[in-house]
Amino acid sequence: MRALCWNGTNDLRVERVPDPVLVNPHDVIVKVSLSSVCGSDLHLLGGYVPTMQPGDIIGHEFLGEIVEKGPEVRYLNRGDRIVTVSIIGCGHCGHCQHGDSSLCDNSNPKPEAARAAYGHCGAGIFGYSHAFGGYAGSHAEYVRVPYADFNGFRVPEGITDEQAVFVSDAVPTGYMAADMAGIKPGDVVAVWGCGGVGQMAMRSAYLLGAERVIGIDRFPDRLRAAQMKAGAEPLDYTRVDVFDALQSMTGGRGPDVCIDAVGMEADSGANALEDLYDRAKQAVGLQSDRPAVLRQMIEACRKGGTLSIVGVYGGVIDKFPMGAAMNKGLTFRMGQQNGQRYAERLFGHIVKGELDPSYLMTHRWSLDDGPKGYRMFKDKADDCLRVVFAPHA
Ligand SMILES: [Zn+2]
Ligand SMILES: [Zn+2]
């Protein structure tokens, strides 16, 4: 089959690779109909995620049809149209049973690297390096889905492919960001990053009772989409001082909830010296992640407020304002998404018309255009929010 393979920093190629086969009795093989790029893939492209190997198939947000199933798959059947959660759970361990499937004890068959780096190992992720299990990704004609009954969700009638594909990752990640922040009616929520996940966090914040949502970015088309589609008040961080703007929008209190939908490649936009410092430290390996958004959130959040982090971080950061966080009594919530907990609820919101993620798909291309698609997505060219590949089109 054809697949989009990582071959080094900023080096993607469409290659011929062997078709996936059933490995375990709980596996299914999915014929991929749509597979979306994701902002966290850019960290792979940039070489910021260690343990990638040349030839690894990337992609983790996908929808398709089951063409083969193992003997222990009970609920799903051949021919089912399913969306698969990008973070793999086993469904049986304590974490999975409590809805924290991204912390699964069993789905990462290569736990050594994560244990060495983090103390414990989390779940496996499709197409996201060998530290996260070494699973082949979804930018391919076919993909193997382990623990299929737990990770695959039959898409209800009335939900289009273009809506359903984002229930794999962008929608549950954004929804979880809002959910774990404990938003209360009347809250003001500020979201850093107006990409797919950020925009889904904004919509979700309203669904969970927020009164005002502020979206922060620097790309005009993304700010416009955040305003028009997600109902956010846009803030361009290169044009205003984010702290001052957020204080004046909230009567000097600061937002109740601050959501990070940016992650490890953040820039402050305003403070050139800070950005230079962070980039230099990252370039020589003295920190792996750039914390400009975390610093802004800690400074801007109201006293006693909550920071909710779904932007991806990989390692260590420098100049982290712990004193401000402690003395302001901030609560930190964070994590990879537990989409298995949310998928059915999100289908419900989509069916009722309360949430429509399909507008994230600004470009629908053939898999052969994979390298070009990622270049465009990375450069945020042509008002690109998400490129979605159709491997069989
Ligand atoms: Zn993702
Ligand atoms: Zn588990």
# chains A, B, ... in the order shown; residues from 1 in each chain; ligands from 1

$ residues_around --residues "A:Pro20" --least-positions-apart "4" --cutoff "9 Å" --atoms "only C-alpha atoms" --output "ChimeraX atom specification"
/A:1,29,136,142-144

$ write_last_selection --atoms "N, CA and C atoms" --output "CSV table (one decimal), in the first residue's frame"
chain,number,residue,atom,x,y,z
A,1,MET,N,0.9,-1.2,0.0
A,1,MET,CA,0.0,0.0,0.0
A,1,MET,C,0.9,1.2,0.0
A,29,ILE,N,-8.5,-4.2,10.9
A,29,ILE,CA,-7.8,-3.5,9.9
A,29,ILE,C,-8.8,-2.5,9.3
A,136,ALA,N,2.1,2.1,13.6
A,136,ALA,CA,2.0,2.8,12.3
A,136,ALA,C,0.8,3.7,12.3
A,142,TYR,N,-4.3,1.7,4.6
A,142,TYR,CA,-4.9,0.8,5.6
A,142,TYR,C,-4.1,1.0,6.9
A,143,VAL,N,-4.8,0.8,8.1
A,143,VAL,CA,-4.1,0.9,9.4
A,143,VAL,C,-4.7,-0.2,10.3
A,144,ARG,N,-3.8,-0.7,11.1
A,144,ARG,CA,-4.2,-1.7,12.1
A,144,ARG,C,-4.7,-0.9,13.4

$ residues_around --residues "A:Gly70" --least-positions-apart "4" --cutoff "8 Å" --atoms "only C-alpha atoms" --output "VMD selection string"
chain A and resid 22 24 to 28

$ closest_atom_pairs --of "chain A" --to "ligand 1" --cutoff "6 Å" --atoms "only C-alpha atoms and all ligand atoms" --output "JSON lines"
{"residue": "A:Cys38", "atom": "CA", "partner": "ligand 1", "partner_atom_place_in_ligand_line": "1 (Zn)", "distance": 4.7}
{"residue": "A:Ser40", "atom": "CA", "partner": "ligand 1", "partner_atom_place_in_ligand_line": "1 (Zn)", "distance": 5.2}
{"residue": "A:Asp169", "atom": "CA", "partner": "ligand 1", "partner_atom_place_in_ligand_line": "1 (Zn)", "distance": 5.4}

$ closest_atom_pairs --of "chain A" --to "ligand 2" --cutoff "6 Å" --atoms "only C-alpha atoms and all ligand atoms" --output "JSON lines"
{"residue": "A:Gly89", "atom": "CA", "partner": "ligand 2", "partner_atom_place_in_ligand_line": "1 (Zn)", "distance": 4.7}
{"residue": "A:Cys90", "atom": "CA", "partner": "ligand 2", "partner_atom_place_in_ligand_line": "1 (Zn)", "distance": 3.8}
{"residue": "A:Gly91", "atom": "CA", "partner": "ligand 2", "partner_atom_place_in_ligand_line": "1 (Zn)", "distance": 4.9}
{"residue": "A:His92", "atom": "CA", "partner": "ligand 2", "partner_atom_place_in_ligand_line": "1 (Zn)", "distance": 5.2}
{"residue": "A:Cys93", "atom": "CA", "partner": "ligand 2", "partner_atom_place_in_ligand_line": "1 (Zn)", "distance": 4.1}
{"residue": "A:His95", "atom": "CA", "partner": "ligand 2", "partner_atom_place_in_ligand_line": "1 (Zn)", "distance": 5.8}
{"residue": "A:Cys96", "atom": "CA", "partner": "ligand 2", "partner_atom_place_in_ligand_line": "1 (Zn)", "distance": 4.4}
{"residue": "A:Ser101", "atom": "CA", "partner": "ligand 2", "partner_atom_place_in_ligand_line": "1 (Zn)", "distance": 5.8}
{"residue": "A:Cys104", "atom": "CA", "partner": "ligand 2", "partner_atom_place_in_ligand_line": "1 (Zn)", "distance": 3.6}
{"residue": "A:Asp105", "atom": "CA", "partner": "ligand 2", "partner_atom_place_in_ligand_line": "1 (Zn)", "distance": 5.1}
{"residue": "A:Asn106", "atom": "CA", "partner": "ligand 2", "partner_atom_place_in_ligand_line": "1 (Zn)", "distance": 5.3}

$ select_by_dssp --residues "stretch 72-268 of chain A" --states "helix (DSSP H, G or I)" --output "ChimeraX atom specification"
/A:94-97,101-103,112-118,130-132,148-151,161-168,170-180,196-207,220-228,242-249

$ residues_around --residues "A:Pro357" --least-positions-apart "4" --cutoff "8 Å" --atoms "only C-alpha atoms" --output "list in words"
Glu162, Gln163, Phe166, Val171 and Met200 of chain A

$ select_by_dssp --residues "stretch 189-362 of chain A" --states "strand (DSSP E)" --output "ChimeraX atom specification"
/A:189-192,212-217,233-236,257-260,306-309,331-334,361-362

$ residues_around --residues "A:Gly339" --least-positions-apart "3" --cutoff "12 Å" --atoms "only C-alpha atoms" --output "PyMOL selection string"
chain A and resi 61+83-89+96+99-103+150-153+166-177+179+335-336+342-347

$ write_last_selection --atoms "N, CA, C and O atoms" --output "short mmCIF file (atom, residue, chain, number, x, y, z; two decimals), in the first residue's frame"
data_model
loop_
_atom_site.label_atom_id
_atom_site.label_comp_id
_atom_site.auth_asym_id
_atom_site.auth_seq_id
_atom_site.Cartn_x
_atom_site.Cartn_y
_atom_site.Cartn_z
N GLU A 61 -5.30 10.88 13.14
CA GLU A 61 -6.70 11.34 13.23
C GLU A 61 -7.42 10.83 11.99
O GLU A 61 -7.22 11.36 10.91
N VAL A 83 -14.84 5.79 13.52
CA VAL A 83 -13.79 6.75 13.81
C VAL A 83 -13.02 6.16 14.98
O VAL A 83 -13.59 5.50 15.85
N THR A 84 -11.70 6.34 14.96
CA THR A 84 -10.83 5.73 15.97
C THR A 84 -10.19 6.83 16.79
O THR A 84 -9.69 7.81 16.24
N VAL A 85 -10.20 6.67 18.11
CA VAL A 85 -9.53 7.65 18.97
C VAL A 85 -8.02 7.54 18.76
O VAL A 85 -7.47 6.44 18.71
N SER A 86 -7.36 8.69 18.63
CA SER A 86 -5.94 8.69 18.25
C SER A 86 -5.03 8.12 19.34
O SER A 86 -3.95 7.64 19.06
N ILE A 87 -5.46 8.20 20.59
CA ILE A 87 -4.68 7.68 21.71
C ILE A 87 -5.28 6.33 22.08
O ILE A 87 -6.47 6.23 22.34
N ILE A 88 -4.44 5.31 22.11
CA ILE A 88 -4.95 3.93 22.19
C ILE A 88 -5.10 3.48 23.64
O ILE A 88 -4.17 3.58 24.43
N GLY A 89 -6.29 2.99 23.98
CA GLY A 89 -6.50 2.41 25.30
C GLY A 89 -6.76 0.92 25.17
O GLY A 89 -7.17 0.43 24.10
N CYS A 96 -8.11 2.98 32.04
CA CYS A 96 -9.13 2.93 30.99
C CYS A 96 -10.52 2.84 31.60
O CYS A 96 -11.46 3.49 31.16
N GLY A 99 -11.92 6.03 32.66
CA GLY A 99 -12.07 7.06 31.63
C GLY A 99 -10.79 7.80 31.30
O GLY A 99 -10.81 8.74 30.52
N ASP A 100 -9.69 7.40 31.91
CA ASP A 100 -8.41 8.07 31.62
C ASP A 100 -7.57 7.20 30.68
O ASP A 100 -6.46 6.78 31.00
N SER A 101 -8.12 6.94 29.50
CA SER A 101 -7.50 5.97 28.61
C SER A 101 -6.14 6.41 28.07
O SER A 101 -5.34 5.57 27.67
N SER A 102 -5.86 7.73 28.10
CA SER A 102 -4.54 8.16 27.62
C SER A 102 -3.44 7.75 28.61
O SER A 102 -2.26 7.91 28.32
N LEU A 103 -3.85 7.27 29.77
CA LEU A 103 -2.88 6.81 30.77
C LEU A 103 -2.81 5.28 30.80
O LEU A 103 -2.26 4.70 31.74
N PHE A 150 -12.74 -1.03 21.99
CA PHE A 150 -12.62 0.09 22.91
C PHE A 150 -12.27 1.40 22.19
O PHE A 150 -12.71 2.47 22.58
N ASN A 151 -11.50 1.30 21.10
CA ASN A 151 -10.99 2.51 20.46
C ASN A 151 -11.75 2.94 19.21
O ASN A 151 -11.62 4.08 18.76
N GLY A 152 -12.54 2.03 18.66
CA GLY A 152 -13.29 2.35 17.45
C GLY A 152 -14.75 2.67 17.78
O GLY A 152 -15.36 1.98 18.61
N PHE A 153 -15.30 3.68 17.15
CA PHE A 153 -16.69 4.08 17.40
C PHE A 153 -17.44 4.13 16.09
O PHE A 153 -17.06 4.87 15.17
N PHE A 166 -12.92 14.29 12.71
CA PHE A 166 -12.30 15.10 13.77
C PHE A 166 -12.68 14.64 15.18
O PHE A 166 -12.15 15.15 16.17
N VAL A 167 -13.61 13.68 15.27
CA VAL A 167 -13.95 13.11 16.58
C VAL A 167 -12.83 12.16 17.03
O VAL A 167 -12.78 11.67 18.15
N SER A 168 -11.88 11.91 16.13
CA SER A 168 -10.71 11.12 16.44
C SER A 168 -9.79 11.85 17.42
O SER A 168 -9.22 11.24 18.32
N ASP A 169 -9.67 13.17 17.23
CA ASP A 169 -8.61 13.87 17.97
C ASP A 169 -8.93 15.33 18.26
O ASP A 169 -8.97 15.75 19.41
N ALA A 170 -9.17 16.14 17.22
CA ALA A 170 -9.31 17.59 17.45
C ALA A 170 -10.49 17.90 18.36
O ALA A 170 -10.38 18.72 19.28
N VAL A 171 -11.64 17.25 18.13
CA VAL A 171 -12.82 17.58 18.92
C VAL A 171 -12.67 17.10 20.37
O VAL A 171 -12.84 17.88 21.30
N PRO A 172 -12.34 15.81 20.61
CA PRO A 172 -12.21 15.41 22.01
C PRO A 172 -11.07 16.12 22.74
O PRO A 172 -11.18 16.35 23.95
N THR A 173 -10.00 16.47 22.04
CA THR A 173 -8.92 17.18 22.71
C THR A 173 -9.40 18.55 23.16
O THR A 173 -9.18 18.98 24.30
N GLY A 174 -10.09 19.26 22.26
CA GLY A 174 -10.63 20.58 22.63
C GLY A 174 -11.70 20.46 23.71
O GLY A 174 -11.74 21.24 24.65
N TYR A 175 -12.54 19.46 23.58
CA TYR A 175 -13.62 19.27 24.56
C TYR A 175 -13.04 18.96 25.93
O TYR A 175 -13.48 19.50 26.95
N MET A 176 -12.03 18.10 25.94
CA MET A 176 -11.43 17.73 27.23
C MET A 176 -10.75 18.94 27.88
O MET A 176 -10.79 19.10 29.10
N ALA A 177 -10.14 19.80 27.05
CA ALA A 177 -9.51 21.00 27.59
C ALA A 177 -10.54 21.83 28.36
O ALA A 177 -10.28 22.33 29.45
N ASP A 179 -13.54 20.67 29.46
CA ASP A 179 -14.17 19.85 30.50
C ASP A 179 -13.30 19.79 31.76
O ASP A 179 -13.78 19.99 32.87
N GLY A 335 -3.16 16.98 29.98
CA GLY A 335 -3.08 15.59 29.59
C GLY A 335 -3.36 15.38 28.11
O GLY A 335 -3.90 16.25 27.43
N GLN A 336 -2.95 14.20 27.65
CA GLN A 336 -3.38 13.75 26.33
C GLN A 336 -4.87 13.43 26.42
O GLN A 336 -5.39 13.15 27.50
N TYR A 342 -15.43 10.58 25.58
CA TYR A 342 -16.25 11.66 25.03
C TYR A 342 -16.94 11.36 23.70
O TYR A 342 -17.84 12.09 23.30
N ALA A 343 -16.50 10.31 22.99
CA ALA A 343 -16.93 10.14 21.60
C ALA A 343 -18.46 10.16 21.44
O ALA A 343 -19.00 10.90 20.61
N GLU A 344 -19.16 9.37 22.25
CA GLU A 344 -20.62 9.29 22.09
C GLU A 344 -21.27 10.64 22.40
O GLU A 344 -22.21 11.07 21.72
N ARG A 345 -20.78 11.31 23.44
CA ARG A 345 -21.32 12.63 23.80
C ARG A 345 -21.11 13.63 22.66
O ARG A 345 -21.98 14.42 22.32
N LEU A 346 -19.95 13.55 22.02
CA LEU A 346 -19.64 14.47 20.93
C LEU A 346 -20.50 14.17 19.71
O LEU A 346 -20.97 15.10 19.03
N PHE A 347 -20.74 12.88 19.43
CA PHE A 347 -21.67 12.54 18.35
C PHE A 347 -23.02 13.21 18.62
O PHE A 347 -23.66 13.74 17.72
#

$ residues_around --residues "stretch 236-242 of chain A" --least-positions-apart "5" --cutoff "6 Å" --atoms "only C-alpha atoms" --output "PDB file with all heavy atoms, in the first residue's frame"
ATOM      1  N   ILE A 216      -6.850  33.535  21.052  1.00  0.00           N
ATOM      2  CA  ILE A 216      -5.582  34.251  20.865  1.00  0.00           C
ATOM      3  C   ILE A 216      -4.747  33.545  19.791  1.00  0.00           C
ATOM      4  O   ILE A 216      -4.518  32.339  19.857  1.00  0.00           O
ATOM      5  CB  ILE A 216      -4.798  34.288  22.202  1.00  0.00           C
ATOM      6  CG1 ILE A 216      -5.675  34.923  23.293  1.00  0.00           C
ATOM      7  CG2 ILE A 216      -3.484  35.035  22.035  1.00  0.00           C
ATOM      8  CD1 ILE A 216      -5.178  34.659  24.707  1.00  0.00           C
ATOM      9  N   ASP A 217      -4.298  34.310  18.793  1.00  0.00           N
ATOM     10  CA  ASP A 217      -3.488  33.754  17.711  1.00  0.00           C
ATOM     11  C   ASP A 217      -2.848  34.940  16.992  1.00  0.00           C
ATOM     12  O   ASP A 217      -3.000  36.095  17.424  1.00  0.00           O
ATOM     13  CB  ASP A 217      -4.370  32.939  16.746  1.00  0.00           C
ATOM     14  CG  ASP A 217      -3.593  31.831  16.029  1.00  0.00           C
ATOM     15  OD1 ASP A 217      -2.668  32.176  15.240  1.00  0.00           O
ATOM     16  OD2 ASP A 217      -3.897  30.655  16.231  1.00  0.00           O
ATOM     17  N   ARG A 218      -2.120  34.656  15.902  1.00  0.00           N
ATOM     18  CA  ARG A 218      -1.584  35.768  15.115  1.00  0.00           C
ATOM     19  C   ARG A 218      -1.983  35.688  13.655  1.00  0.00           C
ATOM     20  O   ARG A 218      -1.712  36.599  12.878  1.00  0.00           O
ATOM     21  CB  ARG A 218      -0.068  35.844  15.245  1.00  0.00           C
ATOM     22  CG  ARG A 218       0.704  34.739  14.577  1.00  0.00           C
ATOM     23  CD  ARG A 218       2.176  34.856  14.944  1.00  0.00           C
ATOM     24  NE  ARG A 218       2.890  33.625  14.689  1.00  0.00           N
ATOM     25  CZ  ARG A 218       3.619  33.385  13.592  1.00  0.00           C
ATOM     26  NH1 ARG A 218       3.703  34.286  12.645  1.00  0.00           N
ATOM     27  NH2 ARG A 218       4.251  32.246  13.450  1.00  0.00           N
ATOM     28  N   GLY A 269       5.427  36.474  20.880  1.00  0.00           N
ATOM     29  CA  GLY A 269       4.930  37.480  19.947  1.00  0.00           C
ATOM     30  C   GLY A 269       5.343  38.886  20.302  1.00  0.00           C
ATOM     31  O   GLY A 269       5.684  39.675  19.427  1.00  0.00           O
ATOM     32  N   ALA A 270       5.348  39.206  21.574  1.00  0.00           N
ATOM     33  CA  ALA A 270       5.609  40.586  21.981  1.00  0.00           C
ATOM     34  C   ALA A 270       7.043  40.782  22.460  1.00  0.00           C
ATOM     35  O   ALA A 270       7.654  41.817  22.233  1.00  0.00           O
ATOM     36  CB  ALA A 270       4.648  40.968  23.098  1.00  0.00           C
TER      37      ALA A 270
END

$ atom_distance --atom1 "atom CA of A:Pro321" --atom2 "atom CA of A:Arg295"
6.6 Å

$ residues_around --residues "A:Leu223" --least-positions-apart "4" --cutoff "12 Å" --atoms "only C-alpha atoms" --output "list in words"
Val191, Trp192, Gly193, Cys194, Gly195, Gly196, Gly198, Gln199, Met202, Ile214, Gly215, Ile216, Asp217, Arg218, Phe219, Gln227, Met228, Lys229, Ala230, Gly231, Ala232, Glu233, Pro234, Leu235, Asp236, Tyr237, Asp383 and Leu385 of chain A

$ closest_residue --among "A:Arg224, A:Lys184, A:Arg212, A:Lys31" --to "A:His392" --atoms "only C-alpha atoms"
A:Lys31

$ residues_around --residues "A:Thr362" --least-positions-apart "4" --cutoff "12 Å" --atoms "only C-alpha atoms" --output "VMD selection string"
chain A and resid 36 to 37 162 195 to 196 221 to 222 225 357 to 358 373 376 to 377 380 to 389

$ closest_residue --among "A:Gly46, A:Gly55, A:Gly209, A:Gly251" --to "A:Trp6" --atoms "only C-alpha atoms"
A:Gly55

$ closest_residue --among "A:Ser35, A:Ser204, A:Asn7, A:Ser129" --to "A:Ala393" --atoms "only C-alpha atoms"
A:Ser35

$ closest_residue --among "A:Gly94, A:Pro50, A:Asp41, A:Glu68" --to "A:Val21" --atoms "only C-alpha atoms"
A:Glu68
